[in-house]
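Chemist: This is the structure I have questions about; it appears just below.
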Amino acid sequence: MASGKPVVEVLNALPPASSAATRDIRPGGSTPAESVEVFDFDAAADEYMDFLCRLSEDYAGGGLTFTLPWSATSATSGVTRWGIAIRRMQDDAEDIDTAQTYDFNEADDTAASASGELSYPTITFTNGADMDSWAAGELAIVRVYRNADHANDTMTGDAELWGIFGKET
């Protein structure tokens, strides 16, 4: 039975070799100012960020729900279209040197009412092929992208991804 507890451990954020979102710092307003590392996804082109993740041994075989906390660099309206895909790194079966077709699940999310405020969209996966049959204890590349050329993506400027987290659902 799915517990709703966090089961996806993010080990590292790695930009893909091309079309990568850029690392940036979102400064806070306190004294001294906070510094939050974000990944800037451009409005003019599809951009990606890969996260090396491990599926916890506590995973009970349900679906997964990923949350993508993000803010806008400057926009206070419009929609951003986010996508996530999973590439399972199965024991003695998946060669990172071979090409992989990433099948994305997507969701639209409206920008927060002020630049710098967070929004928390979710993207779900059902157990099995929808999540590349990722199993407990295994690594995977979790690829996130902004589908900037999709008709629903209407927000101007960068979307700042603060990170990802996943729970079993």
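Ordered as shown in the structure tokens, chains take letters A, B, and onward, while each chain numbers its residues from 1 and ligands are numbered from 1 in the order shown.
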Write out as a PDB file with N, CA, C and O atoms, in the first residue's frame all residues of stretch 36-83 of chain A that DSSP puts in strand (DSSP E) for this structure's backbone.
Modeler:
```pdb
ATOM      1  N   VAL A  36      19.544  31.161  -2.965  1.00  0.00           N
ATOM      2  CA  VAL A  36      18.908  29.899  -3.332  1.00  0.00           C
ATOM      3  C   VAL A  36      19.349  29.547  -4.746  1.00  0.00           C
ATOM      4  O   VAL A  36      19.142  30.333  -5.675  1.00  0.00           O
ATOM      5  N   GLU A  37      19.975  28.363  -4.893  1.00  0.00           N
ATOM      6  CA  GLU A  37      20.335  27.930  -6.236  1.00  0.00           C
ATOM      7  C   GLU A  37      19.077  27.473  -6.958  1.00  0.00           C
ATOM      8  O   GLU A  37      18.257  26.723  -6.403  1.00  0.00           O
ATOM      9  N   VAL A  38      18.910  27.957  -8.189  1.00  0.00           N
ATOM     10  CA  VAL A  38      17.772  27.590  -9.029  1.00  0.00           C
ATOM     11  C   VAL A  38      18.298  27.185 -10.408  1.00  0.00           C
ATOM     12  O   VAL A  38      19.454  27.444 -10.744  1.00  0.00           O
ATOM     13  N   PHE A  39      17.420  26.573 -11.179  1.00  0.00           N
ATOM     14  CA  PHE A  39      17.729  26.212 -12.560  1.00  0.00           C
ATOM     15  C   PHE A  39      16.786  27.015 -13.447  1.00  0.00           C
ATOM     16  O   PHE A  39      15.566  26.871 -13.348  1.00  0.00           O
ATOM     17  N   ASP A  40      17.354  27.891 -14.286  1.00  0.00           N
ATOM     18  CA  ASP A  40      16.565  28.772 -15.152  1.00  0.00           C
ATOM     19  C   ASP A  40      16.190  28.065 -16.441  1.00  0.00           C
ATOM     20  O   ASP A  40      17.061  27.675 -17.225  1.00  0.00           O
ATOM     21  N   PHE A  41      14.881  27.918 -16.664  1.00  0.00           N
ATOM     22  CA  PHE A  41      14.338  27.343 -17.888  1.00  0.00           C
ATOM     23  C   PHE A  41      13.775  28.478 -18.729  1.00  0.00           C
ATOM     24  O   PHE A  41      12.847  29.168 -18.314  1.00  0.00           O
ATOM     25  N   GLU A  47      14.212  23.452 -22.568  1.00  0.00           N
ATOM     26  CA  GLU A  47      15.454  23.227 -21.830  1.00  0.00           C
ATOM     27  C   GLU A  47      15.224  22.131 -20.797  1.00  0.00           C
ATOM     28  O   GLU A  47      14.091  21.914 -20.353  1.00  0.00           O
ATOM     29  N   TYR A  48      16.324  21.478 -20.392  1.00  0.00           N
ATOM     30  CA  TYR A  48      16.262  20.267 -19.582  1.00  0.00           C
ATOM     31  C   TYR A  48      17.217  20.352 -18.391  1.00  0.00           C
ATOM     32  O   TYR A  48      18.235  21.028 -18.442  1.00  0.00           O
ATOM     33  N   MET A  49      16.913  19.589 -17.340  1.00  0.00           N
ATOM     34  CA  MET A  49      17.840  19.340 -16.238  1.00  0.00           C
ATOM     35  C   MET A  49      17.635  17.898 -15.813  1.00  0.00           C
ATOM     36  O   MET A  49      16.489  17.442 -15.664  1.00  0.00           O
ATOM     37  N   ASP A  50      18.743  17.189 -15.645  1.00  0.00           N
ATOM     38  CA  ASP A  50      18.701  15.793 -15.214  1.00  0.00           C
ATOM     39  C   ASP A  50      19.028  15.711 -13.734  1.00  0.00           C
ATOM     40  O   ASP A  50      19.915  16.408 -13.243  1.00  0.00           O
ATOM     41  N   PHE A  51      18.326  14.827 -13.042  1.00  0.00           N
ATOM     42  CA  PHE A  51      18.567  14.572 -11.626  1.00  0.00           C
ATOM     43  C   PHE A  51      18.860  13.086 -11.471  1.00  0.00           C
ATOM     44  O   PHE A  51      18.055  12.253 -11.881  1.00  0.00           O
ATOM     45  N   LEU A  52      20.039  12.778 -10.914  1.00  0.00           N
ATOM     46  CA  LEU A  52      20.359  11.395 -10.589  1.00  0.00           C
ATOM     47  C   LEU A  52      19.651  11.088  -9.282  1.00  0.00           C
ATOM     48  O   LEU A  52      19.881  11.753  -8.270  1.00  0.00           O
ATOM     49  N   CYS A  53      18.774  10.094  -9.310  1.00  0.00           N
ATOM     50  CA  CYS A  53      17.942   9.784  -8.145  1.00  0.00           C
ATOM     51  C   CYS A  53      18.015   8.297  -7.813  1.00  0.00           C
ATOM     52  O   CYS A  53      18.293   7.465  -8.670  1.00  0.00           O
ATOM     53  N   ARG A  54      17.702   8.002  -6.571  1.00  0.00           N
ATOM     54  CA  ARG A  54      17.602   6.625  -6.088  1.00  0.00           C
ATOM     55  C   ARG A  54      16.199   6.425  -5.535  1.00  0.00           C
ATOM     56  O   ARG A  54      15.690   7.272  -4.806  1.00  0.00           O
ATOM     57  N   LEU A  55      15.582   5.295  -5.887  1.00  0.00           N
ATOM     58  CA  LEU A  55      14.271   4.947  -5.354  1.00  0.00           C
ATOM     59  C   LEU A  55      14.484   4.162  -4.061  1.00  0.00           C
ATOM     60  O   LEU A  55      15.150   3.125  -4.040  1.00  0.00           O
ATOM     61  N   LEU A  64       4.192   7.153  -8.463  1.00  0.00           N
ATOM     62  CA  LEU A  64       5.006   8.238  -7.924  1.00  0.00           C
ATOM     63  C   LEU A  64       4.380   9.576  -8.291  1.00  0.00           C
ATOM     64  O   LEU A  64       3.829   9.739  -9.381  1.00  0.00           O
ATOM     65  N   THR A  65       4.490  10.534  -7.369  1.00  0.00           N
ATOM     66  CA  THR A  65       4.086  11.915  -7.635  1.00  0.00           C
ATOM     67  C   THR A  65       5.287  12.805  -7.362  1.00  0.00           C
ATOM     68  O   THR A  65       5.826  12.795  -6.256  1.00  0.00           O
ATOM     69  N   PHE A  66       5.700  13.539  -8.385  1.00  0.00           N
ATOM     70  CA  PHE A  66       6.798  14.491  -8.254  1.00  0.00           C
ATOM     71  C   PHE A  66       6.229  15.888  -8.077  1.00  0.00           C
ATOM     72  O   PHE A  66       5.242  16.263  -8.709  1.00  0.00           O
ATOM     73  N   THR A  67       6.875  16.659  -7.213  1.00  0.00           N
ATOM     74  CA  THR A  67       6.538  18.063  -7.008  1.00  0.00           C
ATOM     75  C   THR A  67       7.714  18.890  -7.500  1.00  0.00           C
ATOM     76  O   THR A  67       8.872  18.544  -7.241  1.00  0.00           O
ATOM     77  N   TRP A  70       8.822  25.985  -7.999  1.00  0.00           N
ATOM     78  CA  TRP A  70       9.433  26.914  -8.939  1.00  0.00           C
ATOM     79  C   TRP A  70       8.893  28.322  -8.715  1.00  0.00           C
ATOM     80  O   TRP A  70       7.827  28.513  -8.123  1.00  0.00           O
ATOM     81  N   SER A  71       9.654  29.283  -9.193  1.00  0.00           N
ATOM     82  CA  SER A  71       9.235  30.687  -9.184  1.00  0.00           C
ATOM     83  C   SER A  71       9.565  31.266 -10.550  1.00  0.00           C
ATOM     84  O   SER A  71      10.272  30.651 -11.349  1.00  0.00           O
ATOM     85  N   ALA A  72       9.057  32.448 -10.815  1.00  0.00           N
ATOM     86  CA  ALA A  72       9.346  33.134 -12.072  1.00  0.00           C
ATOM     87  C   ALA A  72      10.389  34.217 -11.821  1.00  0.00           C
ATOM     88  O   ALA A  72      10.351  34.898 -10.799  1.00  0.00           O
ATOM     89  N   VAL A  79       1.347  30.775 -18.010  1.00  0.00           N
ATOM     90  CA  VAL A  79       1.423  29.354 -17.679  1.00  0.00           C
ATOM     91  C   VAL A  79       2.757  28.789 -18.139  1.00  0.00           C
ATOM     92  O   VAL A  79       3.256  29.147 -19.209  1.00  0.00           O
ATOM     93  N   THR A  80       3.321  27.906 -17.330  1.00  0.00           N
ATOM     94  CA  THR A  80       4.516  27.156 -17.692  1.00  0.00           C
ATOM     95  C   THR A  80       4.133  25.690 -17.816  1.00  0.00           C
ATOM     96  O   THR A  80       3.409  25.157 -16.982  1.00  0.00           O
ATOM     97  N   ARG A  81       4.613  25.058 -18.869  1.00  0.00           N
ATOM     98  CA  ARG A  81       4.338  23.629 -19.103  1.00  0.00           C
ATOM     99  C   ARG A  81       5.583  22.831 -18.717  1.00  0.00           C
ATOM    100  O   ARG A  81       6.636  22.984 -19.327  1.00  0.00           O
ATOM    101  N   TRP A  82       5.460  22.019 -17.668  1.00  0.00           N
ATOM    102  CA  TRP A  82       6.554  21.200 -17.147  1.00  0.00           C
ATOM    103  C   TRP A  82       6.382  19.747 -17.576  1.00  0.00           C
ATOM    104  O   TRP A  82       5.256  19.268 -17.704  1.00  0.00           O
ATOM    105  N   GLY A  83       7.500  19.049 -17.765  1.00  0.00           N
ATOM    106  CA  GLY A  83       7.474  17.626 -18.072  1.00  0.00           C
ATOM    107  C   GLY A  83       8.542  16.891 -17.283  1.00  0.00           C
ATOM    108  O   GLY A  83       9.595  17.447 -16.967  1.00  0.00           O
TER     109      GLY A  83
END
```
Chemist: A:Pro27: which residues within 12 Å, counting only C-alpha atoms, same-chain residues fewer than 3 positions away excluded, as a count of residues only?
Modeler: 12
Chemist: Skipping near chain neighbours, those fewer than 4 positions away, what residues fall within 10 Å of A:Thr110 using only C-alpha atoms, listed as a list in words?
Modeler: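 Here the qualifying residues turn out to be Thr76, Ser77, Gly78, Val79, Thr80, Arg81, Ser119, Tyr120, Pro121, Asp153, Thr154 and Met155 of chain A.
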Chemist: I need the chosen residues saved as a tab-separated table (two decimals), in the first residue's frame, with C-alpha atoms.
Modeler:
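In the end it all went to selection06.tsv:
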```tsv
chain	number	residue	atom	x	y	z
A	76	THR	CA	3.48	37.38	-12.46
A	77	SER	CA	1.11	35.73	-14.93
A	78	GLY	CA	1.06	33.11	-17.64
A	79	VAL	CA	1.42	29.35	-17.68
A	80	THR	CA	4.52	27.16	-17.69
A	81	ARG	CA	4.34	23.63	-19.10
A	119	SER	CA	4.28	27.43	-6.98
A	120	TYR	CA	4.17	23.65	-6.42
A	121	PRO	CA	2.82	21.74	-9.45
A	153	ASP	CA	3.25	27.64	-22.19
A	154	THR	CA	2.45	31.35	-22.19
A	155	MET	CA	4.68	32.73	-19.43
```
Chemist: Atom CA of A:Gln90 and atom CA of A:Thr124 are how many Å apart?
Modeler: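 The value is 21.2 Å.
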Chemist: For A:Ala135, find every residue with an atom within 10 Å (counting only C-alpha atoms), except residues of its own chain fewer than 4 positions away, and show them as a ChimeraX atom specification.
Modeler: /A:54-57,59-61,88-90,127-128,131,139-140
Chemist: How far is it from atom CA of A:Ala20 to atom CA of A:Gln100, in Å with one decimal?
Modeler: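 Atom CA of A:Gln100 lies 16.8 Å from atom CA of A:Ala20.
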Chemist: For A:Ala112, which residue out of A:Ala93, A:Ile164, A:Ala159, A:Val8 is the nearest one, using only C-alpha atoms?
Modeler: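 Residue with the minimum atom-to-atom distance to A:Ala112: A:Ala159.
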Chemist: Got a sec: who's within 12 Å of A:Ala129, counting only C-alpha atoms, leaving out chain neighbours fewer than 4 positions off, as an NGL selection string?
Modeler: :A and (63 or 85-88 or 102-104 or 125 or 133-135)
Chemist: Counting only C-alpha atoms, which residue out of A:Pro69, A:Ser115, A:Thr22, A:Ile141 sits closest to A:Leu161?
Modeler: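 Closest residue, counting only C-alpha atoms: A:Pro69.
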